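Next comes upload24.pdb, a file with PDB, C-alpha atoms.
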```pdb
ATOM      1  CA  LYS A  29      -6.282  34.618  86.970
ATOM      2  CA  ASN A  30      -3.218  34.283  89.215
ATOM      3  CA  GLN A  31      -1.416  37.597  89.333
ATOM      4  CA  VAL A  32       1.146  39.429  91.414
ATOM      5  CA  GLU A  33       1.278  43.205  91.221
ATOM      6  CA  GLN A  34       3.976  45.350  92.763
ATOM      7  CA  SER A  35       4.125  49.042  93.480
ATOM      8  CA  PRO A  36       5.710  51.395  92.956
ATOM      9  CA  GLN A  37       7.450  50.429  89.722
ATOM     10  CA  SER A  38      10.458  52.477  90.731
ATOM     11  CA  LEU A  39      11.561  54.448  93.748
ATOM     12  CA  ILE A  40      14.406  56.844  94.523
ATOM     13  CA  ILE A  41      15.360  57.558  98.129
ATOM     14  CA  LEU A  42      18.269  59.111  99.990
ATOM     15  CA  GLU A  43      20.722  56.984 101.886
ATOM     16  CA  GLY A  44      19.629  56.419 105.468
ATOM     17  CA  LYS A  45      15.916  56.783 104.741
ATOM     18  CA  ASN A  46      13.313  54.068 105.119
ATOM     19  CA  CYS A  47      11.015  52.804 102.391
ATOM     20  CA  THR A  48       8.188  50.330 101.895
ATOM     21  CA  LEU A  49       7.463  48.270  98.807
ATOM     22  CA  GLN A  50       4.051  46.748  98.142
ATOM     23  CA  CYS A  51       2.900  43.456  96.680
ATOM     24  CA  ASN A  52      -0.724  42.509  95.993
ATOM     25  CA  TYR A  53      -1.604  39.061  94.753
ATOM     26  CA  THR A  54      -4.600  37.122  93.540
ATOM     27  CA  VAL A  55      -2.949  33.703  93.637
ATOM     28  CA  SER A  56      -5.144  30.932  94.924
ATOM     29  CA  PRO A  57      -4.716  28.586  96.638
ATOM     30  CA  PHE A  58      -1.851  30.319  98.383
ATOM     31  CA  SER A  59       1.225  28.438  99.587
ATOM     32  CA  ASN A  60       3.906  30.996 100.341
ATOM     33  CA  LEU A  61       5.287  34.382  99.373
ATOM     34  CA  ARG A  62       8.919  35.239  98.927
ATOM     35  CA  TRP A  63      10.752  38.492  98.398
ATOM     36  CA  TYR A  64      13.865  38.470  96.239
ATOM     37  CA  LYS A  65      16.542  41.090  95.701
ATOM     38  CA  GLN A  66      18.015  41.269  92.210
ATOM     39  CA  ASP A  67      21.093  43.293  91.434
ATOM     40  CA  THR A  68      21.323  44.505  87.844
ATOM     41  CA  GLY A  69      22.224  41.656  85.507
ATOM     42  CA  ARG A  70      22.429  39.095  88.321
ATOM     43  CA  GLY A  71      20.171  36.325  89.528
ATOM     44  CA  PRO A  72      17.570  37.055  92.226
ATOM     45  CA  VAL A  73      18.557  36.242  95.799
ATOM     46  CA  SER A  74      15.986  35.320  98.424
ATOM     47  CA  LEU A  75      15.382  37.779 101.275
ATOM     48  CA  THR A  76      12.425  36.277 103.135
ATOM     49  CA  ILE A  77       9.763  33.632 102.767
ATOM     50  CA  MET A  78       6.360  33.793 104.406
ATOM     51  CA  THR A  79       3.689  31.149 104.751
ATOM     52  CA  PHE A  80      -0.012  31.597 105.367
ATOM     53  CA  SER A  81       0.338  31.647 109.147
ATOM     54  CA  GLU A  82       3.145  34.206 109.316
ATOM     55  CA  ASN A  83       2.498  37.915 109.249
ATOM     56  CA  THR A  84       5.936  39.395 109.924
ATOM     57  CA  LYS A  85       9.451  38.237 109.218
ATOM     58  CA  SER A  86      12.720  40.122 109.425
ATOM     59  CA  ASN A  87      16.098  39.651 107.797
ATOM     60  CA  GLY A  88      18.436  42.331 109.093
ATOM     61  CA  ARG A  89      17.188  45.688 107.830
ATOM     62  CA  TYR A  90      14.497  44.016 105.725
ATOM     63  CA  THR A  91      11.095  43.325 107.262
ATOM     64  CA  ALA A  92       8.334  41.628 105.310
ATOM     65  CA  THR A  93       4.689  41.575 106.306
ATOM     66  CA  LEU A  94       1.860  39.441 105.012
ATOM     67  CA  ASP A  95      -1.885  39.932 105.293
ATOM     68  CA  ALA A  96      -3.393  36.757 103.898
ATOM     69  CA  ASP A  97      -6.935  38.120 104.251
ATOM     70  CA  THR A  98      -6.353  41.113 101.992
ATOM     71  CA  LYS A  99      -3.689  39.268  99.954
ATOM     72  CA  GLN A 100      -1.115  41.948 100.470
ATOM     73  CA  SER A 101       2.533  41.905 101.428
ATOM     74  CA  SER A 102       5.031  44.656 102.042
ATOM     75  CA  LEU A 103       8.799  44.833 102.280
ATOM     76  CA  HIS A 104      10.131  47.539 104.563
ATOM     77  CA  ILE A 105      13.762  48.585 104.292
ATOM     78  CA  THR A 106      15.179  50.438 107.263
ATOM     79  CA  ALA A 107      18.117  52.863 107.153
ATOM     80  CA  SER A 108      18.750  52.292 103.469
ATOM     81  CA  GLN A 109      22.257  51.869 102.112
ATOM     82  CA  LEU A 110      23.698  52.393  98.651
ATOM     83  CA  SER A 111      23.959  48.623  98.304
ATOM     84  CA  ASP A 112      20.181  48.339  98.617
ATOM     85  CA  SER A 113      19.905  49.726  95.076
ATOM     86  CA  ALA A 114      18.369  46.809  93.189
ATOM     87  CA  SER A 115      15.091  45.398  91.965
ATOM     88  CA  TYR A 116      12.878  43.727  94.534
ATOM     89  CA  ILE A 117      10.654  40.960  93.271
ATOM     90  CA  CYS A 118       7.642  39.456  95.000
ATOM     91  CA  VAL A 119       6.980  35.813  94.128
ATOM     92  CA  VAL A 120       3.926  33.846  95.202
ATOM     93  CA  ARG A 121       3.689  30.087  95.043
ATOM     94  CA  ALA A 122       0.353  28.419  94.456
ATOM     95  CA  SER A 123      -0.305  25.210  96.356
ATOM     96  CA  SER A 124      -1.934  23.510  93.418
ATOM     97  CA  GLY A 125       0.302  20.453  93.517
ATOM     98  CA  THR A 126       2.643  21.726  90.811
ATOM     99  CA  TYR A 127       5.580  24.034  91.188
ATOM    100  CA  LYS A 128       3.793  27.158  90.011
ATOM    101  CA  TYR A 129       5.501  30.365  91.000
ATOM    102  CA  ILE A 130       3.961  33.660  89.962
ATOM    103  CA  PHE A 131       6.381  36.546  89.690
ATOM    104  CA  GLY A 132       5.704  40.232  90.093
ATOM    105  CA  THR A 133       7.481  42.601  87.719
ATOM    106  CA  GLY A 134       9.481  44.097  90.564
ATOM    107  CA  THR A 135      10.180  47.468  92.122
ATOM    108  CA  ARG A 136      13.401  49.129  91.060
ATOM    109  CA  LEU A 137      14.943  50.930  94.039
ATOM    110  CA  LYS A 138      17.682  53.506  93.709
ATOM    111  CA  VAL A 139      19.417  54.773  96.850
ATOM    112  CA  LEU A 140      21.296  58.031  96.437
ATOM    113  CA  ALA A 141      24.158  59.331  98.570
TER     114      ALA A 141
ATOM    115  CA  GLU B  11      29.478  26.169  97.782
ATOM    116  CA  ALA B  12      25.841  25.459  96.938
ATOM    117  CA  GLN B  13      25.075  27.079  93.636
ATOM    118  CA  VAL B  14      23.473  27.048  90.223
ATOM    119  CA  THR B  15      26.001  27.542  87.447
ATOM    120  CA  GLN B  16      25.044  28.831  84.018
ATOM    121  CA  ASN B  17      27.256  29.122  80.987
ATOM    122  CA  PRO B  18      27.969  31.239  79.123
ATOM    123  CA  ARG B  19      27.332  34.541  80.896
ATOM    124  CA  TYR B  20      27.162  36.433  77.635
ATOM    125  CA  LEU B  21      26.416  35.172  74.147
ATOM    126  CA  ILE B  22      25.961  36.908  70.813
ATOM    127  CA  THR B  23      24.796  34.735  67.953
ATOM    128  CA  VAL B  24      23.189  34.981  64.543
ATOM    129  CA  THR B  25      19.658  34.069  63.583
ATOM    130  CA  GLY B  26      19.208  30.358  62.973
ATOM    131  CA  LYS B  27      22.421  29.112  64.524
ATOM    132  CA  LYS B  28      21.630  26.452  67.118
ATOM    133  CA  LEU B  29      22.893  27.112  70.612
ATOM    134  CA  THR B  30      22.792  25.555  74.065
ATOM    135  CA  VAL B  31      22.930  27.303  77.411
ATOM    136  CA  THR B  32      24.076  24.969  80.153
ATOM    137  CA  CYS B  33      22.800  24.875  83.720
ATOM    138  CA  SER B  34      24.162  22.772  86.539
ATOM    139  CA  GLN B  35      23.306  22.632  90.246
ATOM    140  CA  ASN B  36      25.225  20.920  93.046
ATOM    141  CA  MET B  37      22.455  20.813  95.661
ATOM    142  CA  ASN B  38      20.732  17.604  94.568
ATOM    143  CA  HIS B  39      17.564  19.560  93.851
ATOM    144  CA  GLU B  40      14.737  17.744  92.123
ATOM    145  CA  TYR B  41      13.141  20.778  90.540
ATOM    146  CA  MET B  42      14.788  22.948  87.896
ATOM    147  CA  SER B  43      13.417  25.691  85.706
ATOM    148  CA  TRP B  44      14.359  28.176  83.016
ATOM    149  CA  TYR B  45      13.143  31.776  82.938
ATOM    150  CA  ARG B  46      13.624  34.684  80.636
ATOM    151  CA  GLN B  47      13.541  38.244  81.842
ATOM    152  CA  ASP B  48      12.644  41.161  79.629
ATOM    153  CA  PRO B  49      12.228  44.822  80.595
ATOM    154  CA  GLY B  50       8.800  45.546  82.046
ATOM    155  CA  LEU B  51       7.695  41.914  81.871
ATOM    156  CA  GLY B  52       9.415  40.331  84.824
ATOM    157  CA  LEU B  53      10.507  36.707  84.890
ATOM    158  CA  ARG B  54       8.579  34.336  82.638
ATOM    159  CA  GLN B  55       8.903  30.589  82.858
ATOM    160  CA  ILE B  56      10.068  28.767  79.728
ATOM    161  CA  TYR B  57      10.307  25.140  80.828
ATOM    162  CA  TYR B  58      10.581  23.279  84.069
ATOM    163  CA  SER B  59      11.531  19.817  85.242
ATOM    164  CA  MET B  60      10.200  18.022  88.308
ATOM    165  CA  ASN B  61      12.912  15.362  88.166
ATOM    166  CA  VAL B  62      15.081  13.342  85.784
ATOM    167  CA  GLU B  63      13.341  12.706  82.458
ATOM    168  CA  VAL B  64      10.312  14.768  83.579
ATOM    169  CA  THR B  65       9.936  18.117  81.812
ATOM    170  CA  ASP B  66       7.015  20.371  81.028
ATOM    171  CA  LYS B  67       6.236  23.639  79.317
ATOM    172  CA  GLY B  68       6.053  26.892  81.190
ATOM    173  CA  ASP B  69       4.380  30.064  80.008
ATOM    174  CA  VAL B  70       6.621  30.880  77.018
ATOM    175  CA  PRO B  71       8.055  27.591  75.632
ATOM    176  CA  GLU B  72       7.924  28.388  71.902
ATOM    177  CA  GLY B  73      11.330  28.186  70.235
ATOM    178  CA  TYR B  74      13.012  26.382  73.129
ATOM    179  CA  LYS B  75      13.817  22.816  74.092
ATOM    180  CA  VAL B  76      15.172  21.292  77.271
ATOM    181  CA  SER B  77      16.377  17.942  78.509
ATOM    182  CA  ARG B  78      16.931  16.417  81.943
ATOM    183  CA  LYS B  79      19.058  13.325  81.559
ATOM    184  CA  GLU B  80      20.820  13.827  84.884
ATOM    185  CA  LYS B  81      19.570  15.388  88.081
ATOM    186  CA  ARG B  82      22.209  18.114  88.169
ATOM    187  CA  ASN B  83      21.986  19.357  84.569
ATOM    188  CA  PHE B  84      19.193  21.135  82.734
ATOM    189  CA  PRO B  85      20.369  22.622  79.421
ATOM    190  CA  LEU B  86      18.295  25.078  77.406
ATOM    191  CA  ILE B  87      18.426  24.573  73.659
ATOM    192  CA  LEU B  88      17.523  27.091  70.987
ATOM    193  CA  GLU B  89      17.333  25.123  67.751
ATOM    194  CA  SER B  90      16.915  28.170  65.505
ATOM    195  CA  PRO B  91      17.314  31.375  67.507
ATOM    196  CA  SER B  92      15.489  34.495  66.406
ATOM    197  CA  PRO B  93      15.950  38.137  67.452
ATOM    198  CA  ASN B  94      12.844  37.990  69.684
ATOM    199  CA  GLN B  95      14.740  35.519  71.862
ATOM    200  CA  THR B  96      17.223  38.218  72.787
ATOM    201  CA  SER B  97      16.828  38.300  76.543
ATOM    202  CA  LEU B  98      18.349  37.635  79.948
ATOM    203  CA  TYR B  99      17.959  33.975  80.884
ATOM    204  CA  PHE B 100      18.000  32.461  84.346
ATOM    205  CA  CYS B 101      18.174  28.884  85.457
ATOM    206  CA  ALA B 102      16.827  28.074  88.909
ATOM    207  CA  SER B 103      16.520  25.022  91.112
ATOM    208  CA  SER B 104      14.735  24.094  94.300
ATOM    209  CA  PRO B 105      14.188  21.024  96.457
ATOM    210  CA  GLN B 106      10.741  19.486  96.661
ATOM    211  CA  GLY B 107       8.527  20.457  99.561
ATOM    212  CA  ALA B 108       5.879  22.965 100.434
ATOM    213  CA  VAL B 109       8.014  25.777 101.824
ATOM    214  CA  THR B 110      10.814  26.016  99.338
ATOM    215  CA  GLY B 111      12.198  28.656  97.083
ATOM    216  CA  TYR B 112      14.544  28.979  94.214
ATOM    217  CA  THR B 113      18.268  29.276  93.987
ATOM    218  CA  PHE B 114      18.997  31.202  90.805
ATOM    219  CA  GLY B 115      21.981  31.119  88.520
ATOM    220  CA  SER B 116      23.829  34.318  87.629
ATOM    221  CA  GLY B 117      22.119  34.655  84.279
ATOM    222  CA  THR B 118      22.971  34.428  80.594
ATOM    223  CA  ARG B 119      22.550  37.513  78.455
ATOM    224  CA  LEU B 120      21.745  36.355  74.944
ATOM    225  CA  THR B 121      21.713  38.602  71.897
ATOM    226  CA  VAL B 122      20.468  37.229  68.575
ATOM    227  CA  VAL B 123      21.282  39.374  65.559
TER     228      VAL B 123
END
```
As structure tokens, how would this structure be written, given the file I've shared?
Amino acid sequence: KNQVEQSPQSLIILEGKNCTLQCNYTVSPFSNLRWYKQDTGRGPVSLTIMTFSENTKSNGRYTATLDADTKQSSLHITASQLSDSASYICVVRASSGTYKYIFGTGTRLKVLA
Amino acid sequence: EAQVTQNPRYLITVTGKKLTVTCSQNMNHEYMSWYRQDPGLGLRQIYYSMNVEVTDKGDVPEGYKVSRKEKRNFPLILESPSPNQTSLYFCASSPQGAVTGYTFGSGTRLTVV
């Protein structure tokens, strides 16, 4: 069964600290993996996309990694800011010929001053 | 500005009263989809459309209808809403292609009483 699991479910950190969010997937065949940031009550916004051949990609203070062998991805946030408080959703697309995206349930991050 | 526009943002209705949530995108995307988001469950796909006049069921289609008469519009119809359809709804679109991702609308918070 195609699944995407994220951990932790929620996380509280102090402003300026770093954190890492995890995503494990069992989607096959794999096409790509994308991390989204979702502010409360708003639509998700794409942070990074990674294909099978990529293992690191950065977008400012956000760095995503992908290990296609172990089917794991992580999102590392450096020098967190209050505005990083949001849910972070890992989405994996299967390359089965249809537009099948499998969503994780997200990690809710709270950054405190 | 490239975007997906949903209306309304908030809606309170009574059980059984038909309603339509509109979705429009200005990016000439072929693929459009509706999701609902409930606490602890993440985003679940309701219906999707690969192109004009081509629609298909997602994971939770019961109680919903859609249509795709034009490329830019993809309305979600609840013929007889029930309280278990109280949720946060997102419309999303993407171009065709292997390495693509969604652009999401801002969401519609629906309450059925």
Exercise for the section: Carefully work through the PyMOL selection byres ((chain B) within 10 of (chain A)) for this structure and note down the residues it includes, as a PyMOL selection string. Expected result: chain B and resi 14+19+41-43+47-55+58-60+68+98-102+104+106-119
Exercise for the section: Might you spell out which residues the PyMOL selection byres ((chain A and resi 111) around 10) would select in the displayed file, as a VMD selection string? Expected result: chain A and resid 43 67 108 to 110 112 to 114 138 to 140
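You will find CA of Asp69 (chain B) at 10.4 Å from CA of Arg46 (chain B).
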Handout entry: Interatomic distance (Å, one decimal) between CA of Leu103 (chain A) and CA of Gln50 (chain A)
Key = 6.6 Å
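Evaluated against this file, the PyMOL selection byres ((chain B and resi 32) around 7) yields Gln16, Asn17, Thr30, Val31, Cys33, Ser34, Phe84, Pro85 and Leu86 of chain B.
Our summary of the geometry notes that CA of Ser92 (chain B) is positioned 23.9 Å from CA of Arg78 (chain B).
Minimum distance to Cys51 (chain A) across A:Asn87, A:Asn30, A:Ser35, A:Thr106 (counting all atoms listed in the file) occurs at A:Ser35.
The nearest approach to Tyr53 (chain A) among the residues A:Thr98, A:Ser115, A:Asn83, A:Gln31, with only C-alpha atoms taken into account, belongs to A:Gln31.
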